[in-house]
Structure formats: C-alpha cells, structure tokens
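*Asks:* Before I ask anything, let me first share the structure, which is written out below as structure tokens.
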Amino acid sequence: GWRAGFLVMAALVGTIPPVVVWFLVRDRPADLGLAPYGGEALETTAPSAREGLGAAIRQPTLWTIGVAFFLASWPCYAATKHIILYLRDLGVAPVPAAGTLSEMLLFSTIGRLLFGVLWDASPPRAILLVDCVLLAAGALLLLAAENPVVRAIYPFVFGLGYGGLMPLIPLTVVAYFGRRTMGAVLGFCKLFYDAAAATAPLLTAYLYDRSGSYAFAFALNAVLPCLALALVVVALRPPAGQVDETRAAA
C-alpha cells in the first residue's frame, strides 16, 4: 500500500543520509587541508563577505541571470507536468506519450553529467548559451510533436537542456559572484527558478481550461526559452577573466 511505502521511504531518508553527511561531508576544502578548485585566484573575483547579497542585488548581472533562469525553467516544468496530456490531445496513444516523458527524463540525467563535464573545460557563458539553445530548440520541436520523428528527437534535445540546467544554476552563480556569498546569491537566483517551477504547471493548466486546448500554452512554453537565449546573448557578459584563466591553468 501507499501508506506503508511512504513510511519505508521516510525511514530511509531520515536515517541513512544524515549519517552519511555527518561522517563524510565537510564544509570547506580547508577542513581537509585542501585548496579550493582554482586556488586563490578564483577568490579575487568574489565580492567581500561584508557586501553580501545587497551588493549582488545592485548588479544588473544578477537580475539578468535570475530572469534567464526563470524563462529557461518555465518549459521544463510545464512539460514534465502536462506533456502526456498534451500529446494525448495531439492523438498520441497513452504508452508512447508516457514514453516520451520517460525518455526526456532519461536524457536529462545524462545532461546533468554532460554539462558538469563541459563546465570544467569551457567558458561559463558559452555553456549557458548552449543549454538555452537546447531548451529553446526542444520547446519548439514540441509544437510539431504529432510527427513521430519529432517526438523521437525531442527527448534528446530538450532532455539534455533540462538536465544541464540543474548544475548550471549554482555553477553560474559561482562563476559570476564567487564563493564567499554563494549561499545568499544562489538562494536569490533559486527564487526565479522556483517561481517558474511553481507557476508554469498552474498557468499551463489554466490556459488549457480557458481555451480547451494546449496550443497557446505550449506556444508560450516555446517562446520563453527563446527569450532566455536572447537575454543571455544580448545582456549577459562573460564573467571576470580571472575565473576562466584560473580554470585553464588548472
């Protein structure tokens, strides 16, 4: 039964992870006698601890990144909650419709690993641009999802972008604002991401109820990541040169 299943999951989550964290996780590399990745040069790009979030909020870069995350995240959560119903409306059978979602989530797992590897070898802004391209292209492909060929391509393209966005959020924050205020700045950026996660499924459902079709809702889902891509191209400059130089030297 569901009740017993959730009790088992609660027991597992409430016992094993805390023990692992207590014995294995350390707060800082210095706790183990290690230097942070990139060494001291990376720290020179970070604002001082005294400035904190207040100084970051006064920078247009933080708002550009936050809005870009909002726009890019929107189709991720609209799709994961509504894609099966959307495909059913297009005449796709239940099993292939569910399979499209499963395949997209599978490729999102690969995307998390892939973009983490790419980050270690490429400029931060370039990696963010690639991810926005994948999300925009995938969302546009979904508009023609009645075509079986498009449905076969969509999970690969959009799934990689969806998965890649997960590690890029904290990594982008570190690249542009350093590690000293990462907690506060990342929390602020996550507000944009979580706002999209909370409102995209609800607004998509509302638009469907008002129009009787997913056409407008999924057209909106295709437009927003394109705006995110345009915003990153036009308004987001590369982070301070020391970050990339340090990474290249390492």
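Note on naming: chains are A, B, ... as they come in the structure tokens, residues start from 1 per chain, ligands start from 1 in the order shown.
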Using only C-alpha atoms, which residues sit within 10 Å of segment 135-143 of chain A once same-chain residues fewer than 6 positions away are excluded, as a PDB file with all heavy atoms, in the first residue's frame?
*Replies:*
ATOM      1  N   ALA A  72      14.054  30.100 -18.834  1.00  0.00           N
ATOM      2  CA  ALA A  72      14.541  28.802 -19.296  1.00  0.00           C
ATOM      3  C   ALA A  72      13.890  27.658 -18.536  1.00  0.00           C
ATOM      4  O   ALA A  72      13.694  26.568 -19.091  1.00  0.00           O
ATOM      5  CB  ALA A  72      16.058  28.740 -19.149  1.00  0.00           C
ATOM      6  N   SER A  73      13.553  27.886 -17.263  1.00  0.00           N
ATOM      7  CA  SER A  73      12.978  26.813 -16.445  1.00  0.00           C
ATOM      8  C   SER A  73      11.505  26.593 -16.733  1.00  0.00           C
ATOM      9  O   SER A  73      10.985  25.497 -16.486  1.00  0.00           O
ATOM     10  CB  SER A  73      13.146  27.151 -14.958  1.00  0.00           C
ATOM     11  OG  SER A  73      14.489  27.353 -14.617  1.00  0.00           O
ATOM     12  N   TRP A  74      10.827  27.599 -17.233  1.00  0.00           N
ATOM     13  CA  TRP A  74       9.384  27.516 -17.419  1.00  0.00           C
ATOM     14  C   TRP A  74       8.960  26.277 -18.217  1.00  0.00           C
ATOM     15  O   TRP A  74       8.116  25.494 -17.760  1.00  0.00           O
ATOM     16  CB  TRP A  74       8.883  28.797 -18.084  1.00  0.00           C
ATOM     17  CG  TRP A  74       7.390  28.847 -18.227  1.00  0.00           C
ATOM     18  CD1 TRP A  74       6.626  28.228 -19.175  1.00  0.00           C
ATOM     19  CD2 TRP A  74       6.474  29.549 -17.389  1.00  0.00           C
ATOM     20  NE1 TRP A  74       5.299  28.498 -18.998  1.00  0.00           N
ATOM     21  CE2 TRP A  74       5.178  29.306 -17.900  1.00  0.00           C
ATOM     22  CE3 TRP A  74       6.624  30.358 -16.269  1.00  0.00           C
ATOM     23  CZ2 TRP A  74       4.032  29.868 -17.319  1.00  0.00           C
ATOM     24  CZ3 TRP A  74       5.485  30.908 -15.687  1.00  0.00           C
ATOM     25  CH2 TRP A  74       4.210  30.665 -16.216  1.00  0.00           C
ATOM     26  N   PRO A  75       9.489  26.056 -19.435  1.00  0.00           N
ATOM     27  CA  PRO A  75       9.020  24.893 -20.212  1.00  0.00           C
ATOM     28  C   PRO A  75       9.394  23.565 -19.571  1.00  0.00           C
ATOM     29  O   PRO A  75       8.745  22.546 -19.855  1.00  0.00           O
ATOM     30  CB  PRO A  75       9.715  25.073 -21.567  1.00  0.00           C
ATOM     31  CG  PRO A  75      10.921  25.877 -21.262  1.00  0.00           C
ATOM     32  CD  PRO A  75      10.521  26.813 -20.167  1.00  0.00           C
ATOM     33  N   CYS A  76      10.412  23.541 -18.723  1.00  0.00           N
ATOM     34  CA  CYS A  76      10.797  22.288 -18.072  1.00  0.00           C
ATOM     35  C   CYS A  76       9.656  21.767 -17.215  1.00  0.00           C
ATOM     36  O   CYS A  76       9.301  20.580 -17.272  1.00  0.00           O
ATOM     37  CB  CYS A  76      12.042  22.496 -17.207  1.00  0.00           C
ATOM     38  SG  CYS A  76      13.501  23.025 -18.138  1.00  0.00           S
ATOM     39  N   ALA A  79       6.295  21.092 -19.180  1.00  0.00           N
ATOM     40  CA  ALA A  79       6.365  19.838 -19.937  1.00  0.00           C
ATOM     41  C   ALA A  79       6.267  18.621 -19.024  1.00  0.00           C
ATOM     42  O   ALA A  79       5.512  17.682 -19.311  1.00  0.00           O
ATOM     43  CB  ALA A  79       7.662  19.785 -20.741  1.00  0.00           C
ATOM     44  N   ILE A  83       2.996  17.141 -20.431  1.00  0.00           N
ATOM     45  CA  ILE A  83       3.337  16.658 -21.765  1.00  0.00           C
ATOM     46  C   ILE A  83       2.511  15.438 -22.170  1.00  0.00           C
ATOM     47  O   ILE A  83       2.130  15.293 -23.340  1.00  0.00           O
ATOM     48  CB  ILE A  83       4.854  16.349 -21.874  1.00  0.00           C
ATOM     49  CG1 ILE A  83       5.212  16.043 -23.323  1.00  0.00           C
ATOM     50  CG2 ILE A  83       5.261  15.223 -20.950  1.00  0.00           C
ATOM     51  CD1 ILE A  83       6.694  15.924 -23.572  1.00  0.00           C
ATOM     52  N   TYR A  86      -0.809  16.737 -23.204  1.00  0.00           N
ATOM     53  CA  TYR A  86      -0.621  17.477 -24.457  1.00  0.00           C
ATOM     54  C   TYR A  86      -0.513  16.517 -25.645  1.00  0.00           C
ATOM     55  O   TYR A  86      -1.166  16.710 -26.684  1.00  0.00           O
ATOM     56  CB  TYR A  86       0.629  18.337 -24.340  1.00  0.00           C
ATOM     57  CG  TYR A  86       1.086  18.977 -25.637  1.00  0.00           C
ATOM     58  CD1 TYR A  86       0.355  19.987 -26.237  1.00  0.00           C
ATOM     59  CD2 TYR A  86       2.281  18.569 -26.248  1.00  0.00           C
ATOM     60  CE1 TYR A  86       0.795  20.584 -27.418  1.00  0.00           C
ATOM     61  CE2 TYR A  86       2.724  19.158 -27.418  1.00  0.00           C
ATOM     62  CZ  TYR A  86       1.977  20.162 -28.004  1.00  0.00           C
ATOM     63  OH  TYR A  86       2.406  20.741 -29.168  1.00  0.00           O
ATOM     64  N   LEU A  87       0.296  15.477 -25.504  1.00  0.00           N
ATOM     65  CA  LEU A  87       0.451  14.507 -26.574  1.00  0.00           C
ATOM     66  C   LEU A  87      -0.833  13.727 -26.816  1.00  0.00           C
ATOM     67  O   LEU A  87      -1.157  13.386 -27.964  1.00  0.00           O
ATOM     68  CB  LEU A  87       1.610  13.555 -26.261  1.00  0.00           C
ATOM     69  CG  LEU A  87       3.009  14.186 -26.248  1.00  0.00           C
ATOM     70  CD1 LEU A  87       4.051  13.167 -25.831  1.00  0.00           C
ATOM     71  CD2 LEU A  87       3.355  14.780 -27.603  1.00  0.00           C
ATOM     72  N   LEU A 129      24.853  29.382 -22.822  1.00  0.00           N
ATOM     73  CA  LEU A 129      24.255  29.614 -24.137  1.00  0.00           C
ATOM     74  C   LEU A 129      23.847  28.297 -24.801  1.00  0.00           C
ATOM     75  O   LEU A 129      22.746  28.185 -25.360  1.00  0.00           O
ATOM     76  CB  LEU A 129      25.239  30.364 -25.037  1.00  0.00           C
ATOM     77  CG  LEU A 129      25.358  31.867 -24.819  1.00  0.00           C
ATOM     78  CD1 LEU A 129      26.528  32.426 -25.617  1.00  0.00           C
ATOM     79  CD2 LEU A 129      24.063  32.558 -25.231  1.00  0.00           C
ATOM     80  N   VAL A 150       9.721  13.845 -34.927  1.00  0.00           N
ATOM     81  CA  VAL A 150       9.951  14.948 -33.992  1.00  0.00           C
ATOM     82  C   VAL A 150       9.891  14.434 -32.562  1.00  0.00           C
ATOM     83  O   VAL A 150      10.709  14.822 -31.714  1.00  0.00           O
ATOM     84  CB  VAL A 150       8.910  16.065 -34.216  1.00  0.00           C
ATOM     85  CG1 VAL A 150       9.026  17.122 -33.120  1.00  0.00           C
ATOM     86  CG2 VAL A 150       9.099  16.691 -35.593  1.00  0.00           C
ATOM     87  N   ARG A 151       8.939  13.553 -32.287  1.00  0.00           N
ATOM     88  CA  ARG A 151       8.835  13.004 -30.927  1.00  0.00           C
ATOM     89  C   ARG A 151      10.056  12.176 -30.560  1.00  0.00           C
ATOM     90  O   ARG A 151      10.409  12.066 -29.379  1.00  0.00           O
ATOM     91  CB  ARG A 151       7.583  12.127 -30.788  1.00  0.00           C
ATOM     92  CG  ARG A 151       6.305  12.895 -30.664  1.00  0.00           C
ATOM     93  CD  ARG A 151       5.214  12.077 -30.003  1.00  0.00           C
ATOM     94  NE  ARG A 151       5.047  10.763 -30.573  1.00  0.00           N
ATOM     95  CZ  ARG A 151       4.346  10.494 -31.662  1.00  0.00           C
ATOM     96  NH1 ARG A 151       3.755  11.492 -32.304  1.00  0.00           N
ATOM     97  NH2 ARG A 151       4.228   9.267 -32.122  1.00  0.00           N
ATOM     98  N   ILE A 153      13.133  12.920 -31.621  1.00  0.00           N
ATOM     99  CA  ILE A 153      14.246  13.857 -31.434  1.00  0.00           C
ATOM    100  C   ILE A 153      14.074  14.685 -30.168  1.00  0.00           C
ATOM    101  O   ILE A 153      15.041  14.996 -29.462  1.00  0.00           O
ATOM    102  CB  ILE A 153      14.365  14.778 -32.662  1.00  0.00           C
ATOM    103  CG1 ILE A 153      14.652  13.954 -33.919  1.00  0.00           C
ATOM    104  CG2 ILE A 153      15.456  15.821 -32.457  1.00  0.00           C
ATOM    105  CD1 ILE A 153      14.613  14.773 -35.197  1.00  0.00           C
ATOM    106  N   TYR A 154      12.841  15.038 -29.869  1.00  0.00           N
ATOM    107  CA  TYR A 154      12.554  15.942 -28.751  1.00  0.00           C
ATOM    108  C   TYR A 154      13.167  15.503 -27.423  1.00  0.00           C
ATOM    109  O   TYR A 154      13.814  16.322 -26.748  1.00  0.00           O
ATOM    110  CB  TYR A 154      11.044  16.122 -28.600  1.00  0.00           C
ATOM    111  CG  TYR A 154      10.645  16.717 -27.271  1.00  0.00           C
ATOM    112  CD1 TYR A 154      10.776  18.081 -27.022  1.00  0.00           C
ATOM    113  CD2 TYR A 154      10.161  15.906 -26.246  1.00  0.00           C
ATOM    114  CE1 TYR A 154      10.436  18.622 -25.793  1.00  0.00           C
ATOM    115  CE2 TYR A 154       9.818  16.434 -25.007  1.00  0.00           C
ATOM    116  CZ  TYR A 154       9.952  17.790 -24.790  1.00  0.00           C
ATOM    117  OH  TYR A 154       9.625  18.312 -23.567  1.00  0.00           O
ATOM    118  N   PRO A 155      13.006  14.244 -26.974  1.00  0.00           N
ATOM    119  CA  PRO A 155      13.557  13.884 -25.656  1.00  0.00           C
ATOM    120  C   PRO A 155      15.055  14.091 -25.559  1.00  0.00           C
ATOM    121  O   PRO A 155      15.561  14.492 -24.497  1.00  0.00           O
ATOM    122  CB  PRO A 155      13.192  12.393 -25.526  1.00  0.00           C
ATOM    123  CG  PRO A 155      12.038  12.193 -26.439  1.00  0.00           C
ATOM    124  CD  PRO A 155      12.283  13.113 -27.588  1.00  0.00           C
ATOM    125  N   PHE A 156      15.774  13.843 -26.659  1.00  0.00           N
ATOM    126  CA  PHE A 156      17.222  14.017 -26.652  1.00  0.00           C
ATOM    127  C   PHE A 156      17.592  15.482 -26.506  1.00  0.00           C
ATOM    128  O   PHE A 156      18.392  15.857 -25.635  1.00  0.00           O
ATOM    129  CB  PHE A 156      17.812  13.425 -27.934  1.00  0.00           C
ATOM    130  CG  PHE A 156      19.279  13.703 -28.111  1.00  0.00           C
ATOM    131  CD1 PHE A 156      20.223  13.008 -27.374  1.00  0.00           C
ATOM    132  CD2 PHE A 156      19.712  14.670 -28.996  1.00  0.00           C
ATOM    133  CE1 PHE A 156      21.579  13.268 -27.525  1.00  0.00           C
ATOM    134  CE2 PHE A 156      21.058  14.939 -29.157  1.00  0.00           C
ATOM    135  CZ  PHE A 156      21.995  14.227 -28.419  1.00  0.00           C
ATOM    136  N   VAL A 157      16.993  16.333 -27.341  1.00  0.00           N
ATOM    137  CA  VAL A 157      17.355  17.752 -27.357  1.00  0.00           C
ATOM    138  C   VAL A 157      16.919  18.437 -26.062  1.00  0.00           C
ATOM    139  O   VAL A 157      17.719  19.055 -25.351  1.00  0.00           O
ATOM    140  CB  VAL A 157      16.731  18.458 -28.578  1.00  0.00           C
ATOM    141  CG1 VAL A 157      16.995  19.962 -28.536  1.00  0.00           C
ATOM    142  CG2 VAL A 157      17.269  17.856 -29.870  1.00  0.00           C
ATOM    143  N   PHE A 158      15.649  18.332 -25.750  1.00  0.00           N
ATOM    144  CA  PHE A 158      15.138  19.036 -24.583  1.00  0.00           C
ATOM    145  C   PHE A 158      15.628  18.398 -23.286  1.00  0.00           C
ATOM    146  O   PHE A 158      15.911  19.095 -22.304  1.00  0.00           O
ATOM    147  CB  PHE A 158      13.607  19.050 -24.600  1.00  0.00           C
ATOM    148  CG  PHE A 158      13.006  19.967 -23.571  1.00  0.00           C
ATOM    149  CD1 PHE A 158      12.935  21.325 -23.799  1.00  0.00           C
ATOM    150  CD2 PHE A 158      12.516  19.468 -22.377  1.00  0.00           C
ATOM    151  CE1 PHE A 158      12.389  22.184 -22.855  1.00  0.00           C
ATOM    152  CE2 PHE A 158      11.964  20.313 -21.416  1.00  0.00           C
ATOM    153  CZ  PHE A 158      11.894  21.673 -21.665  1.00  0.00           C
ATOM    154  N   GLY A 159      15.737  17.066 -23.266  1.00  0.00           N
ATOM    155  CA  GLY A 159      16.194  16.387 -22.059  1.00  0.00           C
ATOM    156  C   GLY A 159      17.597  16.805 -21.656  1.00  0.00           C
ATOM    157  O   GLY A 159      17.875  17.054 -20.483  1.00  0.00           O
ATOM    158  N   LEU A 160      18.503  16.900 -22.628  1.00  0.00           N
ATOM    159  CA  LEU A 160      19.858  17.347 -22.315  1.00  0.00           C
ATOM    160  C   LEU A 160      19.856  18.769 -21.747  1.00  0.00           C
ATOM    161  O   LEU A 160      20.571  19.067 -20.786  1.00  0.00           O
ATOM    162  CB  LEU A 160      20.737  17.284 -23.560  1.00  0.00           C
ATOM    163  CG  LEU A 160      21.125  15.898 -24.081  1.00  0.00           C
ATOM    164  CD1 LEU A 160      21.988  16.033 -25.329  1.00  0.00           C
ATOM    165  CD2 LEU A 160      21.850  15.087 -23.016  1.00  0.00           C
ATOM    166  N   GLY A 161      19.043  19.647 -22.354  1.00  0.00           N
ATOM    167  CA  GLY A 161      18.972  21.018 -21.852  1.00  0.00           C
ATOM    168  C   GLY A 161      18.364  21.099 -20.468  1.00  0.00           C
ATOM    169  O   GLY A 161      18.844  21.841 -19.602  1.00  0.00           O
ATOM    170  N   TYR A 162      17.307  20.335 -20.240  1.00  0.00           N
ATOM    171  CA  TYR A 162      16.642  20.317 -18.939  1.00  0.00           C
ATOM    172  C   TYR A 162      17.594  19.823 -17.859  1.00  0.00           C
ATOM    173  O   TYR A 162      17.736  20.443 -16.792  1.00  0.00           O
ATOM    174  CB  TYR A 162      15.407  19.419 -19.039  1.00  0.00           C
ATOM    175  CG  TYR A 162      14.652  19.204 -17.754  1.00  0.00           C
ATOM    176  CD1 TYR A 162      14.670  20.128 -16.725  1.00  0.00           C
ATOM    177  CD2 TYR A 162      13.891  18.048 -17.581  1.00  0.00           C
ATOM    178  CE1 TYR A 162      13.958  19.927 -15.555  1.00  0.00           C
ATOM    179  CE2 TYR A 162      13.180  17.830 -16.421  1.00  0.00           C
ATOM    180  CZ  TYR A 162      13.211  18.772 -15.407  1.00  0.00           C
ATOM    181  OH  TYR A 162      12.511  18.555 -14.257  1.00  0.00           O
ATOM    182  N   GLY A 163      18.276  18.721 -18.134  1.00  0.00           N
ATOM    183  CA  GLY A 163      19.228  18.201 -17.155  1.00  0.00           C
ATOM    184  C   GLY A 163      20.417  19.121 -16.965  1.00  0.00           C
ATOM    185  O   GLY A 163      20.904  19.304 -15.844  1.00  0.00           O
ATOM    186  N   GLY A 164      20.891  19.730 -18.044  1.00  0.00           N
ATOM    187  CA  GLY A 164      22.037  20.614 -17.949  1.00  0.00           C
ATOM    188  C   GLY A 164      21.773  21.851 -17.123  1.00  0.00           C
ATOM    189  O   GLY A 164      22.687  22.410 -16.503  1.00  0.00           O
ATOM    190  N   LEU A 165      20.516  22.291 -17.095  1.00  0.00           N
ATOM    191  CA  LEU A 165      20.187  23.495 -16.343  1.00  0.00           C
ATOM    192  C   LEU A 165      20.412  23.308 -14.846  1.00  0.00           C
ATOM    193  O   LEU A 165      20.749  24.266 -14.137  1.00  0.00           O
ATOM    194  CB  LEU A 165      18.728  23.886 -16.608  1.00  0.00           C
ATOM    195  CG  LEU A 165      18.255  25.227 -16.055  1.00  0.00           C
ATOM    196  CD1 LEU A 165      19.037  26.368 -16.694  1.00  0.00           C
ATOM    197  CD2 LEU A 165      16.761  25.398 -16.297  1.00  0.00           C
ATOM    198  N   TYR A 214      -4.166  22.879 -25.585  1.00  0.00           N
ATOM    199  CA  TYR A 214      -2.821  23.194 -25.119  1.00  0.00           C
ATOM    200  C   TYR A 214      -2.046  24.049 -26.118  1.00  0.00           C
ATOM    201  O   TYR A 214      -0.876  24.380 -25.877  1.00  0.00           O
ATOM    202  CB  TYR A 214      -2.032  21.909 -24.870  1.00  0.00           C
ATOM    203  CG  TYR A 214      -2.271  21.278 -23.526  1.00  0.00           C
ATOM    204  CD1 TYR A 214      -2.889  20.033 -23.421  1.00  0.00           C
ATOM    205  CD2 TYR A 214      -1.866  21.911 -22.363  1.00  0.00           C
ATOM    206  CE1 TYR A 214      -3.100  19.438 -22.190  1.00  0.00           C
ATOM    207  CE2 TYR A 214      -2.065  21.329 -21.122  1.00  0.00           C
ATOM    208  CZ  TYR A 214      -2.686  20.096 -21.042  1.00  0.00           C
ATOM    209  OH  TYR A 214      -2.890  19.514 -19.819  1.00  0.00           O
ATOM    210  N   ALA A 215      -2.669  24.428 -27.230  1.00  0.00           N
ATOM    211  CA  ALA A 215      -1.944  25.100 -28.304  1.00  0.00           C
ATOM    212  C   ALA A 215      -1.269  26.384 -27.809  1.00  0.00           C
ATOM    213  O   ALA A 215      -0.063  26.584 -28.014  1.00  0.00           O
ATOM    214  CB  ALA A 215      -2.889  25.409 -29.463  1.00  0.00           C
ATOM    215  N   PHE A 218       1.497  25.754 -24.910  1.00  0.00           N
ATOM    216  CA  PHE A 218       2.775  25.210 -25.347  1.00  0.00           C
ATOM    217  C   PHE A 218       3.475  26.126 -26.346  1.00  0.00           C
ATOM    218  O   PHE A 218       4.698  26.046 -26.506  1.00  0.00           O
ATOM    219  CB  PHE A 218       2.593  23.796 -25.895  1.00  0.00           C
ATOM    220  CG  PHE A 218       2.643  22.759 -24.811  1.00  0.00           C
ATOM    221  CD1 PHE A 218       1.563  22.553 -23.971  1.00  0.00           C
ATOM    222  CD2 PHE A 218       3.783  22.002 -24.602  1.00  0.00           C
ATOM    223  CE1 PHE A 218       1.600  21.617 -22.951  1.00  0.00           C
ATOM    224  CE2 PHE A 218       3.852  21.067 -23.588  1.00  0.00           C
ATOM    225  CZ  PHE A 218       2.750  20.869 -22.754  1.00  0.00           C
ATOM    226  N   ALA A 219       2.730  26.998 -27.003  1.00  0.00           N
ATOM    227  CA  ALA A 219       3.380  28.043 -27.793  1.00  0.00           C
ATOM    228  C   ALA A 219       4.126  29.004 -26.862  1.00  0.00           C
ATOM    229  O   ALA A 219       5.251  29.423 -27.150  1.00  0.00           O
ATOM    230  CB  ALA A 219       2.352  28.796 -28.622  1.00  0.00           C
ATOM    231  N   LEU A 220       3.504  29.331 -25.716  1.00  0.00           N
ATOM    232  CA  LEU A 220       4.174  30.157 -24.719  1.00  0.00           C
ATOM    233  C   LEU A 220       5.420  29.459 -24.185  1.00  0.00           C
ATOM    234  O   LEU A 220       6.475  30.084 -24.010  1.00  0.00           O
ATOM    235  CB  LEU A 220       3.210  30.455 -23.570  1.00  0.00           C
ATOM    236  CG  LEU A 220       3.765  31.269 -22.397  1.00  0.00           C
ATOM    237  CD1 LEU A 220       4.147  32.676 -22.853  1.00  0.00           C
ATOM    238  CD2 LEU A 220       2.736  31.339 -21.267  1.00  0.00           C
ATOM    239  N   ASN A 221       5.316  28.158 -23.968  1.00  0.00           N
ATOM    240  CA  ASN A 221       6.465  27.391 -23.493  1.00  0.00           C
ATOM    241  C   ASN A 221       7.623  27.417 -24.485  1.00  0.00           C
ATOM    242  O   ASN A 221       8.785  27.267 -24.097  1.00  0.00           O
ATOM    243  CB  ASN A 221       6.062  25.938 -23.239  1.00  0.00           C
ATOM    244  CG  ASN A 221       5.078  25.809 -22.096  1.00  0.00           C
ATOM    245  OD1 ASN A 221       4.973  26.681 -21.243  1.00  0.00           O
ATOM    246  ND2 ASN A 221       4.328  24.723 -22.092  1.00  0.00           N
ATOM    247  N   ALA A 222       7.309  27.567 -25.761  1.00  0.00           N
ATOM    248  CA  ALA A 222       8.350  27.638 -26.786  1.00  0.00           C
ATOM    249  C   ALA A 222       8.963  29.027 -26.874  1.00  0.00           C
ATOM    250  O   ALA A 222      10.160  29.181 -27.172  1.00  0.00           O
ATOM    251  CB  ALA A 222       7.784  27.232 -28.143  1.00  0.00           C
ATOM    252  N   VAL A 223       8.169  30.055 -26.608  1.00  0.00           N
ATOM    253  CA  VAL A 223       8.651  31.427 -26.716  1.00  0.00           C
ATOM    254  C   VAL A 223       9.595  31.779 -25.562  1.00  0.00           C
ATOM    255  O   VAL A 223      10.640  32.416 -25.769  1.00  0.00           O
ATOM    256  CB  VAL A 223       7.457  32.413 -26.748  1.00  0.00           C
ATOM    257  CG1 VAL A 223       7.945  33.859 -26.582  1.00  0.00           C
ATOM    258  CG2 VAL A 223       6.691  32.267 -28.049  1.00  0.00           C
ATOM    259  N   LEU A 224       9.258  31.365 -24.347  1.00  0.00           N
ATOM    260  CA  LEU A 224      10.018  31.805 -23.173  1.00  0.00           C
ATOM    261  C   LEU A 224      11.489  31.383 -23.191  1.00  0.00           C
ATOM    262  O   LEU A 224      12.368  32.206 -22.889  1.00  0.00           O
ATOM    263  CB  LEU A 224       9.324  31.322 -21.900  1.00  0.00           C
ATOM    264  CG  LEU A 224       7.942  31.945 -21.643  1.00  0.00           C
ATOM    265  CD1 LEU A 224       7.369  31.458 -20.320  1.00  0.00           C
ATOM    266  CD2 LEU A 224       8.010  33.460 -21.664  1.00  0.00           C
ATOM    267  N   PRO A 225      11.833  30.126 -23.529  1.00  0.00           N
ATOM    268  CA  PRO A 225      13.268  29.809 -23.585  1.00  0.00           C
ATOM    269  C   PRO A 225      13.998  30.530 -24.711  1.00  0.00           C
ATOM    270  O   PRO A 225      15.206  30.770 -24.610  1.00  0.00           O
ATOM    271  CB  PRO A 225      13.292  28.289 -23.775  1.00  0.00           C
ATOM    272  CG  PRO A 225      11.970  27.952 -24.349  1.00  0.00           C
ATOM    273  CD  PRO A 225      11.007  28.941 -23.752  1.00  0.00           C
ATOM    274  N   CYS A 226      13.277  30.894 -25.777  1.00  0.00           N
ATOM    275  CA  CYS A 226      13.898  31.708 -26.829  1.00  0.00           C
ATOM    276  C   CYS A 226      14.249  33.095 -26.283  1.00  0.00           C
ATOM    277  O   CYS A 226      15.298  33.662 -26.617  1.00  0.00           O
ATOM    278  CB  CYS A 226      12.959  31.837 -28.031  1.00  0.00           C
ATOM    279  SG  CYS A 226      12.655  30.288 -28.909  1.00  0.00           S
ATOM    280  N   LEU A 227      13.368  33.635 -25.432  1.00  0.00           N
ATOM    281  CA  LEU A 227      13.665  34.910 -24.784  1.00  0.00           C
ATOM    282  C   LEU A 227      14.852  34.775 -23.838  1.00  0.00           C
ATOM    283  O   LEU A 227      15.677  35.697 -23.726  1.00  0.00           O
ATOM    284  CB  LEU A 227      12.433  35.412 -24.023  1.00  0.00           C
ATOM    285  CG  LEU A 227      11.222  35.808 -24.873  1.00  0.00           C
ATOM    286  CD1 LEU A 227      10.063  36.224 -23.973  1.00  0.00           C
ATOM    287  CD2 LEU A 227      11.576  36.927 -25.838  1.00  0.00           C
ATOM    288  N   ALA A 228      14.936  33.639 -23.139  1.00  0.00           N
ATOM    289  CA  ALA A 228      16.089  33.408 -22.259  1.00  0.00           C
ATOM    290  C   ALA A 228      17.383  33.399 -23.062  1.00  0.00           C
ATOM    291  O   ALA A 228      18.390  33.993 -22.651  1.00  0.00           O
ATOM    292  CB  ALA A 228      15.919  32.081 -21.510  1.00  0.00           C
ATOM    293  N   LEU A 229      17.359  32.744 -24.204  1.00  0.00           N
ATOM    294  CA  LEU A 229      18.536  32.702 -25.072  1.00  0.00           C
ATOM    295  C   LEU A 229      18.917  34.104 -25.532  1.00  0.00           C
ATOM    296  O   LEU A 229      20.093  34.496 -25.487  1.00  0.00           O
ATOM    297  CB  LEU A 229      18.264  31.796 -26.266  1.00  0.00           C
ATOM    298  CG  LEU A 229      19.350  31.743 -27.336  1.00  0.00           C
ATOM    299  CD1 LEU A 229      20.660  31.219 -26.769  1.00  0.00           C
ATOM    300  CD2 LEU A 229      18.894  30.858 -28.511  1.00  0.00           C
TER     301      LEU A 229
END
*Asks:* Can you pull out the residues contacting Thr199 of chain A? Cut-off 9 Å, using only C-alpha atoms, and skip same-chain residues under 5 positions away; I want them as a list in words.
*Replies:*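 Here the answer would be Trp74, Tyr77, Ala78, Asp194 and Thr204 of chain A.
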*Asks:* Quick one: residues within 12 Å of Thr61 of chain A, only C-alpha atoms counted, chain neighbours fewer than 5 positions away excluded, as a PyMOL selection string?
*Replies:* chain A and resi 55-56+66-68+172-173+175-177+185+189+231-232+234-240
*Asks:* Where in segment 30-139 of chain A does DSSP assign helix (DSSP H, G or I), given as a PyMOL selection string?
*Replies:* chain A and resi 30-32+39-43+52-57+60-89+94-119+124-139
*Asks:* Write out as an MDAnalysis selection string each polymer residue whose atoms come within 12 Å of Leu85 of chain A, counting only C-alpha atoms; drop sequence neighbours fewer than 4 positions from it.
*Replies:* chainID A and resid 78:81 89:98 100:101 204:205 208 213:215 218
*Asks:* Separation of atom CA of Asn147 of chain A and atom CA of Cys132 of chain A, in Å?
*Replies:*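 Taking atom CA of Asn147 of chain A and atom CA of Cys132 of chain A, their separation equals 23.5 Å.
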*Asks:* Using only C-alpha atoms, pick whichever of A:Gly178, A:Gly187, A:Pro167, A:Gly5 has the shortest atom-to-atom distance to Leu118 of chain A.
*Replies:*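 Of the candidates, the smallest distance to Leu118 of chain A is held by A:Pro167.
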